>>> print(open('model27.csv').read())   # CSV, C-alpha atoms
chain,number,residue,atom,x,y,z
S,183,MET,CA,69.5,-19.7,1.2
S,184,ASN,CA,69.8,-20.6,4.9
S,185,LYS,CA,72.1,-23.6,4.9
S,186,ALA,CA,71.2,-24.3,8.6
S,187,ILE,CA,68.0,-25.8,7.2
S,188,LEU,CA,70.2,-28.6,5.8
S,189,HIS,CA,71.4,-29.7,9.3
S,190,THR,CA,70.5,-33.3,10.0
S,191,ASP,CA,68.4,-32.5,13.1
S,192,ILE,CA,66.4,-29.8,11.2
S,193,GLN,CA,65.9,-32.1,8.2
S,194,ASN,CA,64.6,-34.8,10.6
S,195,TYR,CA,62.3,-32.2,12.2
S,196,ILE,CA,60.8,-31.3,8.8
S,197,GLU,CA,60.4,-34.9,7.9
S,198,ASN,CA,58.6,-35.7,11.2
S,199,HIS,CA,56.2,-32.8,10.9
S,200,LEU,CA,55.0,-33.2,7.3
S,201,LYS,CA,51.5,-34.2,8.5
S,202,VAL,CA,51.3,-31.7,11.3
S,203,ASN,CA,49.0,-28.7,11.2
S,204,VAL,CA,51.3,-25.9,10.1
S,205,GLU,CA,49.3,-23.1,11.8
S,206,GLN,CA,49.7,-24.8,15.1
S,207,LEU,CA,53.4,-25.3,14.4
S,208,ILE,CA,53.9,-21.6,13.7
S,209,PHE,CA,52.1,-20.8,16.9
S,210,LYS,CA,54.5,-22.9,18.9
S,211,GLY,CA,57.6,-21.2,17.3
S,212,SER,CA,60.9,-22.6,16.1
S,213,PRO,CA,62.9,-25.0,18.3
S,214,PHE,CA,66.0,-23.9,16.4
S,215,GLU,CA,67.8,-20.6,16.9
S,216,GLU,CA,69.3,-20.5,13.4
S,217,VAL,CA,66.1,-21.2,11.6
S,218,SER,CA,62.8,-19.2,12.0
S,219,VAL,CA,59.5,-20.9,12.3
S,220,GLN,CA,58.4,-19.3,9.0
S,221,GLU,CA,61.3,-21.0,7.2
S,222,LEU,CA,60.4,-24.3,8.8
S,223,ALA,CA,56.8,-23.9,7.8
S,224,ASN,CA,57.7,-23.1,4.2
S,225,GLN,CA,59.9,-26.2,3.9
S,226,ILE,CA,57.1,-28.3,5.3
S,227,VAL,CA,54.4,-26.8,3.0
S,228,ALA,CA,56.6,-26.8,-0.1
S,229,LYS,CA,57.7,-30.4,0.5
S,230,ASN,CA,54.1,-31.5,1.0
S,231,LYS,CA,53.2,-29.9,-2.3
S,232,SER,CA,56.0,-31.8,-4.0
S,233,GLU,CA,54.9,-35.3,-2.8
S,234,LYS,CA,52.7,-36.0,-5.9
S,235,LYS,CA,53.8,-33.2,-8.2
S,236,LEU,CA,57.6,-33.7,-7.9
S,237,PRO,CA,58.2,-37.3,-6.4
S,238,THR,CA,61.9,-37.3,-7.3
S,239,TRP,CA,62.5,-34.2,-5.2
S,240,PHE,CA,60.2,-35.4,-2.4
S,241,GLN,CA,62.0,-38.8,-2.2
S,242,THR,CA,65.6,-37.3,-2.3
S,243,LYS,CA,67.2,-36.4,1.0
S,244,ASN,CA,68.3,-32.9,1.9
S,245,ILE,CA,66.4,-31.1,-0.9
S,246,TYR,CA,66.1,-27.4,-0.2
S,247,TYR,CA,62.7,-26.0,-1.1
S,248,PRO,CA,62.0,-22.5,-2.3
S,249,PRO,CA,59.0,-20.4,-1.4
S,250,LYS,CA,55.8,-22.4,-2.1
S,251,LEU,CA,54.8,-20.2,-5.0
S,252,SER,CA,57.8,-21.6,-7.0
S,253,ILE,CA,56.5,-25.1,-6.4
S,254,GLU,CA,53.0,-24.1,-7.4
S,255,GLN,CA,54.1,-22.4,-10.7
S,256,THR,CA,56.6,-25.1,-11.8
S,257,SER,CA,55.8,-27.9,-14.2
S,258,SER,CA,54.9,-31.2,-12.7
S,259,GLU,CA,57.4,-34.0,-13.1
S,260,ILE,CA,55.1,-36.0,-15.3
S,261,THR,CA,54.5,-33.2,-17.8
S,262,ALA,CA,58.2,-32.3,-17.8
S,263,ASN,CA,59.2,-35.8,-18.7
S,264,TYR,CA,56.7,-35.9,-21.5
S,265,LYS,CA,57.8,-32.6,-23.1
S,266,SER,CA,61.5,-33.7,-22.8
S,267,ILE,CA,61.0,-36.3,-25.5
S,268,LEU,CA,59.4,-34.0,-28.0
S,269,ILE,CA,62.6,-32.3,-29.0
S,270,LYS,CA,66.1,-33.6,-29.8
S,271,GLY,CA,69.7,-32.3,-29.9
S,272,ASP,CA,72.9,-31.8,-27.9
S,273,SER,CA,72.2,-28.5,-26.2
S,274,ILE,CA,69.1,-26.7,-24.8
S,275,ILE,CA,68.6,-23.5,-22.8
S,276,ASP,CA,65.7,-22.8,-20.5
S,277,ILE,CA,65.6,-19.0,-20.3
S,278,THR,CA,62.9,-19.0,-17.6
S,279,GLY,CA,64.3,-21.8,-15.4
S,280,GLY,CA,62.3,-21.5,-12.2
S,281,PHE,CA,62.7,-24.5,-9.8
S,282,GLY,CA,64.5,-26.5,-12.6
S,283,VAL,CA,62.0,-29.3,-13.1
S,284,ASP,CA,61.9,-29.0,-16.9
S,285,CYS,CA,65.7,-28.8,-17.0
S,286,LEU,CA,66.1,-32.0,-15.0
S,287,ALA,CA,63.9,-33.8,-17.6
S,288,PHE,CA,65.9,-32.2,-20.5
S,289,SER,CA,69.1,-33.4,-18.9
S,290,LYS,CA,68.2,-37.0,-19.6
S,291,HIS,CA,68.0,-36.4,-23.3
S,292,PHE,CA,70.5,-33.5,-24.0
S,293,GLU,CA,74.2,-33.5,-23.4
S,294,LYS,CA,74.3,-29.9,-22.2
S,295,VAL,CA,71.5,-28.0,-20.5
S,296,THR,CA,71.6,-24.3,-19.5
S,297,HIS,CA,69.2,-23.1,-16.7
S,298,CYS,CA,68.7,-19.3,-16.5
S,299,GLU,CA,66.9,-17.9,-13.6
S,300,ILE,CA,66.6,-14.1,-12.8
S,301,ASN,CA,66.0,-14.8,-9.1
S,302,LYS,CA,69.5,-15.3,-7.8
S,303,GLU,CA,68.4,-17.0,-4.6
S,304,LEU,CA,66.3,-19.5,-6.5
S,305,SER,CA,69.2,-20.1,-8.9
S,306,VAL,CA,71.4,-21.0,-6.0
S,307,ILE,CA,68.8,-23.4,-4.6
S,308,VAL,CA,68.4,-25.1,-8.0
S,309,SER,CA,72.2,-25.5,-8.3
S,310,TYR,CA,72.4,-27.0,-4.9
S,311,ASN,CA,69.5,-29.4,-5.5
S,312,TYR,CA,70.9,-30.6,-8.8
S,313,LYS,CA,74.0,-31.8,-6.8
S,314,GLN,CA,71.7,-33.7,-4.4
S,315,LEU,CA,69.9,-35.2,-7.4
S,316,ASN,CA,73.3,-36.2,-9.0
S,317,ILE,CA,72.6,-34.1,-12.1
S,318,GLY,CA,76.0,-33.0,-13.7
S,319,ASN,CA,75.1,-31.7,-17.1
S,320,VAL,CA,73.1,-28.6,-16.2
S,321,ASP,CA,74.7,-25.2,-16.0
S,322,THR,CA,72.8,-22.7,-13.8
S,323,VAL,CA,73.0,-19.0,-14.7
S,324,ALA,CA,71.7,-16.5,-12.2
S,325,GLU,CA,70.6,-14.0,-14.8
S,326,ASP,CA,67.7,-13.0,-17.0
S,327,GLY,CA,67.6,-15.6,-19.8
S,328,LEU,CA,67.1,-13.1,-22.6
S,329,GLU,CA,70.0,-10.9,-21.4
S,330,TYR,CA,72.2,-14.0,-21.2
S,331,LEU,CA,71.4,-15.0,-24.8
S,332,LYS,CA,72.2,-11.4,-25.9
S,333,ARG,CA,75.7,-11.5,-24.4
S,334,THR,CA,76.7,-15.1,-25.1
S,335,SER,CA,78.2,-16.2,-28.5
S,336,LYS,CA,76.7,-19.7,-28.0
S,337,THR,CA,73.8,-21.1,-30.1
S,338,PHE,CA,71.6,-23.9,-29.0
S,339,ASP,CA,69.7,-26.8,-30.6
S,340,CYS,CA,66.6,-25.6,-28.7
S,341,ILE,CA,65.3,-22.7,-26.6
S,342,TYR,CA,62.7,-23.4,-24.1
S,343,VAL,CA,60.6,-20.7,-22.5
S,344,ASP,CA,57.8,-20.6,-20.0
S,345,PRO,CA,56.7,-16.9,-20.0
S,346,SER,CA,55.4,-15.5,-16.7
S,347,ARG,CA,51.7,-15.0,-16.9
S,348,ARG,CA,51.7,-12.1,-14.4
S,349,ASN,CA,52.2,-8.6,-15.4
S,350,ASP,CA,52.6,-5.8,-12.9
S,351,ALA,CA,50.4,-3.4,-14.9
S,352,LYS,CA,47.7,-5.9,-16.0
S,353,GLY,CA,47.6,-8.6,-13.4
S,354,LYS,CA,46.8,-12.0,-14.9
S,355,VAL,CA,47.1,-11.8,-18.7
S,356,PHE,CA,45.8,-13.8,-21.6
S,357,LEU,CA,48.2,-12.8,-24.5
S,358,LEU,CA,51.8,-13.8,-25.0
S,359,SER,CA,52.8,-10.3,-25.7
S,360,ASP,CA,51.7,-9.3,-22.2
S,361,CYS,CA,53.8,-12.0,-20.6
S,362,LEU,CA,57.4,-11.8,-19.4
S,363,PRO,CA,59.5,-12.3,-21.4
S,364,ASN,CA,57.6,-11.0,-24.4
S,365,VAL,CA,58.2,-13.8,-26.8
S,366,PRO,CA,56.5,-12.3,-29.9
S,367,GLU,CA,58.6,-9.2,-29.5
S,368,ASN,CA,61.8,-11.1,-29.2
S,369,LEU,CA,61.1,-14.0,-31.7
S,370,ASP,CA,63.4,-12.8,-34.4
S,371,PHE,CA,66.3,-12.5,-32.0
S,372,LEU,CA,65.5,-15.9,-30.5
S,373,PHE,CA,65.7,-17.5,-33.9
S,374,THR,CA,69.3,-16.2,-34.3
S,375,LYS,CA,70.2,-18.4,-31.3
S,376,SER,CA,68.3,-21.5,-32.3
S,377,ASP,CA,66.2,-23.0,-35.1
S,378,THR,CA,63.8,-24.6,-32.6
S,379,ILE,CA,61.8,-22.9,-29.9
S,380,LEU,CA,59.4,-24.6,-27.5
S,381,ILE,CA,57.0,-22.3,-25.6
S,382,LYS,CA,54.9,-23.4,-22.6
S,383,ASN,CA,51.6,-21.7,-21.9
S,384,SER,CA,48.9,-21.9,-19.4
S,385,PRO,CA,45.6,-23.8,-20.3
S,386,ILE,CA,43.8,-20.4,-20.0
S,387,PHE,CA,45.4,-19.2,-23.2
S,388,ASP,CA,43.4,-19.2,-26.4
S,389,ILE,CA,45.2,-21.4,-29.0
S,390,THR,CA,44.2,-19.3,-32.0
S,391,ALA,CA,45.2,-16.1,-30.4
S,392,ALA,CA,48.6,-17.5,-29.5
S,393,ILE,CA,49.1,-18.7,-33.1
S,394,ASN,CA,48.3,-15.2,-34.4
S,395,GLU,CA,51.0,-13.8,-32.2
S,396,LEU,CA,53.7,-16.2,-33.3
S,397,ASN,CA,55.6,-17.3,-36.5
S,398,PHE,CA,56.6,-20.7,-37.8
S,399,VAL,CA,54.4,-22.7,-35.5
S,400,LYS,CA,54.8,-26.4,-36.5
S,401,GLU,CA,53.1,-28.3,-33.7
S,402,ILE,CA,50.8,-27.6,-30.8
S,403,TYR,CA,50.5,-29.9,-27.8
S,404,VAL,CA,47.6,-29.9,-25.4
S,405,ILE,CA,48.7,-31.8,-22.3
S,406,ALA,CA,46.3,-33.1,-19.7
S,407,VAL,CA,47.0,-35.2,-16.6
S,408,LYS,CA,44.2,-37.4,-15.4
S,409,ASN,CA,41.8,-35.5,-17.6
S,410,GLU,CA,42.8,-32.0,-16.4
S,411,VAL,CA,44.6,-29.8,-18.9
S,412,LYS,CA,47.9,-28.6,-17.5
S,413,GLU,CA,49.9,-27.1,-20.3
S,414,LEU,CA,49.8,-25.8,-23.9
S,415,LEU,CA,53.0,-26.2,-25.8
S,416,PHE,CA,53.9,-24.4,-29.1
S,417,LEU,CA,56.8,-25.9,-31.1
S,418,LEU,CA,58.3,-23.4,-33.5
S,419,LYS,CA,60.8,-24.3,-36.3
S,420,LYS,CA,62.6,-21.5,-38.1
S,421,GLU,CA,61.1,-20.7,-41.6
S,422,TYR,CA,58.5,-23.5,-41.2
S,423,LYS,CA,55.6,-22.8,-43.6
S,424,GLY,CA,53.6,-26.1,-43.5
S,425,GLU,CA,50.4,-27.1,-41.8
S,426,ILE,CA,50.1,-27.0,-38.1
S,427,GLU,CA,49.6,-30.3,-36.3
S,428,VAL,CA,47.7,-30.4,-33.0
S,429,LYS,CA,48.6,-33.2,-30.7
S,430,THR,CA,46.5,-33.9,-27.6
S,431,VAL,CA,47.6,-36.2,-24.9
S,432,ASN,CA,45.9,-37.2,-21.7
S,433,LEU,CA,48.6,-38.7,-19.3
S,434,LEU,CA,47.1,-41.5,-17.2
S,435,LYS,CA,48.5,-43.9,-14.7
S,436,ASN,CA,48.7,-46.9,-16.9
S,437,ASN,CA,48.5,-45.5,-20.4
S,438,ASN,CA,48.3,-42.2,-22.4
S,439,GLN,CA,45.4,-41.2,-24.6
S,440,GLU,CA,46.7,-39.5,-27.7
S,441,PHE,CA,44.8,-37.8,-30.6
S,442,TYR,CA,46.3,-35.8,-33.4
S,443,PHE,CA,44.9,-33.7,-36.2
S,444,LEU,CA,45.8,-30.9,-38.6
S,445,LEU,CA,44.6,-27.5,-37.6
S,446,ASN,CA,41.8,-26.0,-39.8
S,447,SER,CA,41.1,-29.3,-41.6
S,448,ASN,CA,37.6,-29.4,-43.0
S,449,SER,CA,36.3,-32.7,-41.8
S,450,GLU,CA,32.9,-34.0,-42.7
S,451,VAL,CA,30.7,-34.6,-39.7
S,452,LYS,CA,27.5,-36.6,-39.5
S,453,TYR,CA,24.8,-36.0,-36.9
S,454,LEU,CA,22.6,-38.6,-35.3
S,455,LEU,CA,20.2,-39.2,-32.5
S,456,PRO,CA,21.8,-41.2,-29.6
S,457,GLN,CA,22.5,-44.7,-30.6
S,458,ASN,CA,23.8,-47.4,-28.3
S,459,TYR,CA,26.9,-45.7,-27.0
S,460,ILE,CA,27.8,-42.2,-25.9
S,461,TYR,CA,31.4,-40.8,-26.0
S,462,GLU,CA,32.8,-37.8,-24.1
S,463,PRO,CA,36.3,-36.7,-25.4
S,464,ASN,CA,38.9,-36.1,-22.8
S,465,ALA,CA,39.8,-32.6,-21.6
S,466,ALA,CA,42.8,-32.2,-23.9
S,467,ILE,CA,40.7,-32.8,-27.0
S,468,LEU,CA,38.0,-30.4,-25.7
S,469,LYS,CA,40.6,-27.7,-25.2
S,470,SER,CA,42.1,-28.3,-28.6
S,471,GLY,CA,38.8,-27.6,-30.5
S,472,GLY,CA,39.2,-30.7,-32.6
S,473,PHE,CA,35.5,-31.6,-32.3
S,474,ASN,CA,34.9,-32.5,-36.0
S,475,GLU,CA,38.1,-34.4,-36.3
S,476,VAL,CA,37.0,-36.8,-33.5
S,477,ALA,CA,33.8,-37.6,-35.4
S,478,ASN,CA,35.8,-38.0,-38.7
S,479,GLN,CA,38.7,-40.1,-37.5
S,480,LEU,CA,36.9,-42.3,-35.0
S,481,ASN,CA,33.7,-42.8,-37.1
S,482,VAL,CA,31.3,-41.5,-34.6
S,483,ALA,CA,28.4,-39.1,-35.0
S,484,LYS,CA,27.8,-35.8,-33.1
S,485,LEU,CA,24.6,-35.3,-31.2
S,486,HIS,CA,24.5,-31.6,-32.1
S,487,GLN,CA,26.9,-29.0,-33.5
S,488,HIS,CA,27.5,-27.5,-30.0
S,489,SER,CA,27.1,-30.5,-27.8
S,490,HIS,CA,30.5,-32.2,-28.2
S,491,LEU,CA,29.1,-35.5,-27.3
S,492,TYR,CA,29.3,-38.4,-29.8
S,493,THR,CA,27.4,-41.6,-30.4
S,494,SER,CA,27.6,-44.9,-32.3
S,495,GLU,CA,25.7,-48.1,-32.7
S,496,THR,CA,28.7,-50.4,-32.2
S,497,LEU,CA,31.4,-49.8,-29.6
S,498,VAL,CA,34.5,-47.8,-30.6
S,499,LYS,CA,37.4,-49.3,-28.7
S,500,ASP,CA,40.2,-47.1,-27.2
S,501,PHE,CA,38.2,-43.9,-27.6
S,502,PRO,CA,40.3,-41.0,-26.1
S,503,GLY,CA,37.8,-40.1,-23.3
S,504,ARG,CA,34.9,-41.6,-21.4
S,505,VAL,CA,32.6,-44.3,-23.0
S,506,PHE,CA,29.1,-45.1,-21.8
S,507,LYS,CA,26.4,-47.6,-22.6
S,508,ILE,CA,23.0,-46.0,-23.0
S,509,ASN,CA,20.2,-47.4,-20.9
S,510,ALA,CA,17.4,-44.9,-21.7
S,511,ILE,CA,16.8,-41.6,-23.3
S,512,TYR,CA,14.0,-39.2,-22.4
S,513,HIS,CA,12.9,-35.6,-23.0
S,514,TYR,CA,13.8,-33.1,-20.3
S,515,ASN,CA,10.7,-32.0,-18.4
S,516,LYS,CA,9.4,-32.3,-14.8
S,517,LYS,CA,7.0,-35.1,-15.7
S,518,SER,CA,9.7,-37.1,-17.4
S,519,LEU,CA,12.3,-36.6,-14.7
S,520,LYS,CA,9.8,-37.7,-12.0
S,521,LYS,CA,8.9,-40.8,-14.0
S,522,HIS,CA,12.3,-42.0,-15.1
S,523,ILE,CA,14.7,-41.0,-12.3
S,524,THR,CA,14.4,-43.6,-9.6
S,525,VAL,CA,17.9,-43.4,-8.1
S,526,THR,CA,18.9,-41.1,-5.3
S,527,LYS,CA,22.5,-40.6,-6.6
S,528,ALA,CA,23.8,-39.9,-10.1
S,529,ASN,CA,26.8,-38.5,-11.9
S,530,ILE,CA,25.5,-35.5,-13.8
S,531,THR,CA,27.1,-33.8,-16.9
S,532,THR,CA,25.7,-31.0,-18.9
S,533,ARG,CA,26.7,-30.3,-22.5
S,534,ASN,CA,25.0,-27.6,-24.6
S,535,PHE,CA,22.3,-27.3,-21.9
S,536,PRO,CA,20.6,-24.2,-20.5
S,537,LYS,CA,20.9,-25.3,-16.8
S,538,THR,CA,23.9,-25.9,-14.6
S,539,VAL,CA,24.6,-29.1,-12.8
S,540,ALA,CA,23.9,-27.3,-9.5
S,541,GLN,CA,20.5,-26.2,-10.8
S,542,ILE,CA,19.7,-29.8,-11.9
S,543,ARG,CA,20.7,-31.3,-8.6
S,544,LYS,CA,18.5,-28.8,-6.8
S,545,GLU,CA,15.4,-29.6,-8.9
S,546,THR,CA,16.0,-33.4,-8.9
S,547,LYS,CA,17.3,-33.8,-5.4
S,548,LEU,CA,20.0,-36.1,-6.8
S,549,LYS,CA,23.2,-36.5,-4.8
S,550,ASP,CA,26.5,-37.0,-6.5
S,551,GLY,CA,27.9,-40.5,-7.0
S,552,GLY,CA,26.7,-44.0,-7.8
S,553,ASP,CA,26.8,-46.0,-11.0
S,554,THR,CA,24.2,-44.0,-12.9
S,555,TYR,CA,25.5,-41.3,-15.4
S,556,LEU,CA,23.1,-38.7,-16.7
S,557,PHE,CA,23.9,-36.4,-19.6
S,558,PHE,CA,21.7,-33.4,-20.0
S,559,THR,CA,22.2,-32.1,-23.5
S,560,THR,CA,20.6,-31.1,-26.8
S,561,ASN,CA,20.0,-33.4,-29.7
S,562,ILE,CA,20.1,-32.9,-33.5
S,563,ASN,CA,16.5,-31.7,-33.4
S,564,SER,CA,17.4,-29.0,-30.9
S,565,GLU,CA,15.4,-30.9,-28.2
S,566,LEU,CA,16.5,-31.0,-24.6
S,567,ILE,CA,17.1,-34.6,-23.6
S,568,VAL,CA,18.5,-36.7,-20.7
S,569,ILE,CA,20.7,-39.7,-21.6
S,570,ASP,CA,20.7,-42.3,-18.8
S,571,CYS,CA,23.7,-44.5,-19.1
S,572,GLU,CA,26.4,-46.5,-17.4
S,573,LYS,CA,30.2,-46.5,-17.8
S,574,ASN,CA,31.5,-49.0,-20.3
S,575,HIS,CA,34.4,-50.7,-18.6
>>> encode(input="model27.csv", output="C-alpha cells")
Amino acid sequence: MNKAILHTDIQNYIENHLKVNVEQLIFKGSPFEEVSVQELANQIVAKNKSEKKLPTWFQTKNIYYPPKLSIEQTSSEITANYKSILIKGDSIIDITGGFGVDCLAFSKHFEKVTHCEINKELSVIVSYNYKQLNIGNVDTVAEDGLEYLKRTSKTFDCIYVDPSRRNDAKGKVFLLSDCLPNVPENLDFLFTKSDTILIKNSPIFDITAAINELNFVKEIYVIAVKNEVKELLFLLKKEYKGEIEVKTVNLLKNNNQEFYFLLNSNSEVKYLLPQNYIYEPNAAILKSGGFNEVANQLNVAKLHQHSHLYTSETLVKDFPGRVFKINAIYHYNKKSLKKHITVTKANITTRNFPKTVAQIRKETKLKDGGDTYLFFTTNINSELIVIDCEKNH
C-alpha cells in the first residue's frame, strides 16, 4: 500500500481525471515522483468501477482502491445489503473477505464481524478503508480464513464464505469442491465453529449440483439486480433435515420482486394457447427452475412445457417479471411474417424456438427497439408461433 497515493494533491488529481482516457494518461506518465502512472491509472479505473457498484466507497474521501480485479470480483453494495438481513446473531466471520463489502453490510446487523483475507496487502487496504468509512466493529485478519478458524478457540453465530471460482489446475470451475476453499471437504469442521453457514456462489453454478455437494441446506437464494442474476446463496443450518425453500429476488430501483417455493414440489400445471396476456418471469425465477410453481401460485398457464412463457385471460397484478398485452398471434412462416410485420423496429425474444434473435433479425430486417414486442416461441400444439404484443404498464 503506497500511502503517498493518499496525499491531498494526488487524491485531487485522481478525482479530476476520472473521466479522462486512461491510456492517454499512461502515455503522459505520472506527474508525481512517489506514485507511478500505473498506480494512478489503477486508482482511477477501480474508482470508476465503484461508482455504481460501491457508491458508499465512491462517495467517501481518501478511499484506497486495490487492483481492479478485486473490485470486479467483490459483491455489489446492493446485494451485500440484501444478504446481510438474511442472517442474525452477534458474531459473524467472513473467511474469504476480499475488499470487505459484505463485511461492511454485516457490520450494520452484527455486533462483531471478523474479516479474513489471505492477501496481506488487500487486508491492510480494507482495514484502512474501514477507518475512513467509520466502521469500528470489524476485525481484519491477514490470514487464510480456514487456518484462522483452526487455530482460534472462538465460535461464531454465522460463517460466511465466498469460494474462489478459479483453480490453478482447472481454470474456471463449476463445482464447489473445485473452488478455494473447498467447502464440501471442510463442512464438518466448519460446523464445529458455527451452526449457520452462508455460502455465496456465482450464477454459473448449477443449483442441483451444489445441493448434492452440501449437507443441511435450508434455503437457497437466487439474487438478481435489474433482471440480471448476480449471486446464488446457500444457507446451511447444522442438522437441518427439512424441505429446502428456494427464494428468488429481483432487486429493482423502486421495489423488489420476490417469489418463493419449496424445492421439488410437484405442482399441477395447465397448458393453454395464448390468451390476452403474456408473462415472462424475471431472470432470478428462470435461474431457480421454479417454472411449474409460477403457474401454480400465480394461476397462469404455460404455453408449452419448455417455453417458460405464461398466459392468462385476465391480468395478474404484480407478476414477478415482464407483462405484455397481446395484440396478435400468427404462425411462423415467411408469408405470415411479411403480411403481419409492418414495423421497422421491434424487441425480439425467443423461447423454445429453433432460431436465434440474430437469425430472426437478419430474415425480417427488423432493428432493435420501439414499442412492439415479438415473442417467437412454441405453443401447446408444438407449432412455431409469433406473439405480437405491447408492454403492460
>>> residues_around(input="model27.csv", residues="Ile277 (chain S)", least_positions_apart="2", cutoff="7 Å", atoms="all atoms listed in the file", output="list in words")
Ile275, Gly279, His297, Cys298, Glu299, Gly327, Leu328, Tyr342 and Val343 of chain S
>>> closest_residue(input="model27.csv", among="S:Glu367, S:Asp388, S:Glu259, S:Asp553", to="Cys571 (chain S)", atoms="all atoms listed in the file")
S:Asp553
>>> residues_around(input="model27.csv", residues="His486 (chain S)", least_positions_apart="4", cutoff="8 Å", atoms="only C-alpha atoms", output="PyMOL selection string")
chain S and resi 453-454+490-491+560-562+564
>>> residues_near_point(input="model27.csv", point="(69.8, -33.7, -10.0)", cutoff="10 Å", atoms="only C-alpha atoms", output="PyMOL selection string")
chain S and resi 238-239+242+282-283+285-287+289+308-320
>>> residues_around(input="model27.csv", residues="region 424-434 of chain S", least_positions_apart="6", cutoff="9 Å", atoms="only C-alpha atoms", output="PDB file with C-alpha atoms, in the coordinates of the input")
ATOM      1  CA  ILE S 260      55.100 -36.000 -15.300  1.00  0.00           C
ATOM      2  CA  THR S 261      54.500 -33.200 -17.800  1.00  0.00           C
ATOM      3  CA  TYR S 264      56.700 -35.900 -21.500  1.00  0.00           C
ATOM      4  CA  PHE S 398      56.600 -20.700 -37.800  1.00  0.00           C
ATOM      5  CA  VAL S 399      54.400 -22.700 -35.500  1.00  0.00           C
ATOM      6  CA  LYS S 400      54.800 -26.400 -36.500  1.00  0.00           C
ATOM      7  CA  GLU S 401      53.100 -28.300 -33.700  1.00  0.00           C
ATOM      8  CA  ILE S 402      50.800 -27.600 -30.800  1.00  0.00           C
ATOM      9  CA  TYR S 403      50.500 -29.900 -27.800  1.00  0.00           C
ATOM     10  CA  VAL S 404      47.600 -29.900 -25.400  1.00  0.00           C
ATOM     11  CA  ILE S 405      48.700 -31.800 -22.300  1.00  0.00           C
ATOM     12  CA  ALA S 406      46.300 -33.100 -19.700  1.00  0.00           C
ATOM     13  CA  VAL S 407      47.000 -35.200 -16.600  1.00  0.00           C
ATOM     14  CA  LYS S 408      44.200 -37.400 -15.400  1.00  0.00           C
ATOM     15  CA  ASN S 409      41.800 -35.500 -17.600  1.00  0.00           C
ATOM     16  CA  GLU S 410      42.800 -32.000 -16.400  1.00  0.00           C
ATOM     17  CA  VAL S 411      44.600 -29.800 -18.900  1.00  0.00           C
ATOM     18  CA  GLU S 440      46.700 -39.500 -27.700  1.00  0.00           C
ATOM     19  CA  PHE S 441      44.800 -37.800 -30.600  1.00  0.00           C
ATOM     20  CA  TYR S 442      46.300 -35.800 -33.400  1.00  0.00           C
ATOM     21  CA  PHE S 443      44.900 -33.700 -36.200  1.00  0.00           C
ATOM     22  CA  LEU S 444      45.800 -30.900 -38.600  1.00  0.00           C
ATOM     23  CA  LEU S 445      44.600 -27.500 -37.600  1.00  0.00           C
ATOM     24  CA  ASN S 446      41.800 -26.000 -39.800  1.00  0.00           C
ATOM     25  CA  ASN S 464      38.900 -36.100 -22.800  1.00  0.00           C
ATOM     26  CA  ALA S 465      39.800 -32.600 -21.600  1.00  0.00           C
ATOM     27  CA  ALA S 466      42.800 -32.200 -23.900  1.00  0.00           C
ATOM     28  CA  ILE S 467      40.700 -32.800 -27.000  1.00  0.00           C
ATOM     29  CA  LYS S 469      40.600 -27.700 -25.200  1.00  0.00           C
ATOM     30  CA  SER S 470      42.100 -28.300 -28.600  1.00  0.00           C
ATOM     31  CA  GLY S 472      39.200 -30.700 -32.600  1.00  0.00           C
ATOM     32  CA  PRO S 502      40.300 -41.000 -26.100  1.00  0.00           C
ATOM     33  CA  GLY S 503      37.800 -40.100 -23.300  1.00  0.00           C
TER      34      GLY S 503
END
>>> atom_distance(input="model27.csv", atom1="CA of His513 (chain S)", atom2="CA of Ser489 (chain S)")
15.8 Å
>>> residues_near_point(input="model27.csv", point="(63.5, -18.3, -38.6)", cutoff="6 Å", atoms="only C-alpha atoms", output="PDB file with C-alpha atoms, in the frame of the given file")
ATOM      1  CA  PHE S 373      65.700 -17.500 -33.900  1.00  0.00           C
ATOM      2  CA  LYS S 420      62.600 -21.500 -38.100  1.00  0.00           C
ATOM      3  CA  GLU S 421      61.100 -20.700 -41.600  1.00  0.00           C
TER       4      GLU S 421
END
>>> closest_residue(input="model27.csv", among="S:Ser252, S:Ser384, S:Ser212, S:Thr559", to="Lys537 (chain S)", atoms="only C-alpha atoms")
S:Thr559
>>> atom_distance(input="model27.csv", atom1="CA of Val306 (chain S)", atom2="CA of Phe288 (chain S)")
19.1 Å
>>> closest_residue(input="model27.csv", among="S:Val451, S:Leu417, S:Ala483, S:Ala528", to="Thr546 (chain S)", atoms="all atoms listed in the file")
S:Ala528
>>> build_atoms(input="model27.csv", residues="region 283-288 of chain S", atoms="N, CA, C and O atoms", output="mmCIF file, in the frame of the given file")
data_model
loop_
_atom_site.group_PDB
_atom_site.id
_atom_site.type_symbol
_atom_site.label_atom_id
_atom_site.label_comp_id
_atom_site.auth_asym_id
_atom_site.auth_seq_id
_atom_site.Cartn_x
_atom_site.Cartn_y
_atom_site.Cartn_z
ATOM 1 N N VAL S 283 62.591 -28.005 -12.805
ATOM 2 C CA VAL S 283 62.000 -29.300 -13.100
ATOM 3 C C VAL S 283 62.121 -29.703 -14.538
ATOM 4 O O VAL S 283 62.491 -30.832 -14.875
ATOM 5 N N ASP S 284 61.814 -28.759 -15.430
ATOM 6 C CA ASP S 284 61.900 -29.000 -16.900
ATOM 7 C C ASP S 284 63.368 -29.335 -17.254
ATOM 8 O O ASP S 284 63.635 -30.246 -18.046
ATOM 9 N N CYS S 285 64.314 -28.576 -16.700
ATOM 10 C CA CYS S 285 65.700 -28.800 -17.000
ATOM 11 C C CYS S 285 66.219 -30.154 -16.599
ATOM 12 O O CYS S 285 67.036 -30.781 -17.285
ATOM 13 N N LEU S 286 65.744 -30.626 -15.457
ATOM 14 C CA LEU S 286 66.100 -32.000 -15.000
ATOM 15 C C LEU S 286 65.670 -33.002 -16.049
ATOM 16 O O LEU S 286 66.406 -33.923 -16.409
ATOM 17 N N ALA S 287 64.434 -32.841 -16.537
ATOM 18 C CA ALA S 287 63.900 -33.800 -17.600
ATOM 19 C C ALA S 287 64.724 -33.657 -18.838
ATOM 20 O O ALA S 287 65.068 -34.674 -19.456
ATOM 21 N N PHE S 288 65.060 -32.427 -19.258
ATOM 22 C CA PHE S 288 65.900 -32.200 -20.500
ATOM 23 C C PHE S 288 67.248 -32.854 -20.323
ATOM 24 O O PHE S 288 67.835 -33.320 -21.297
#
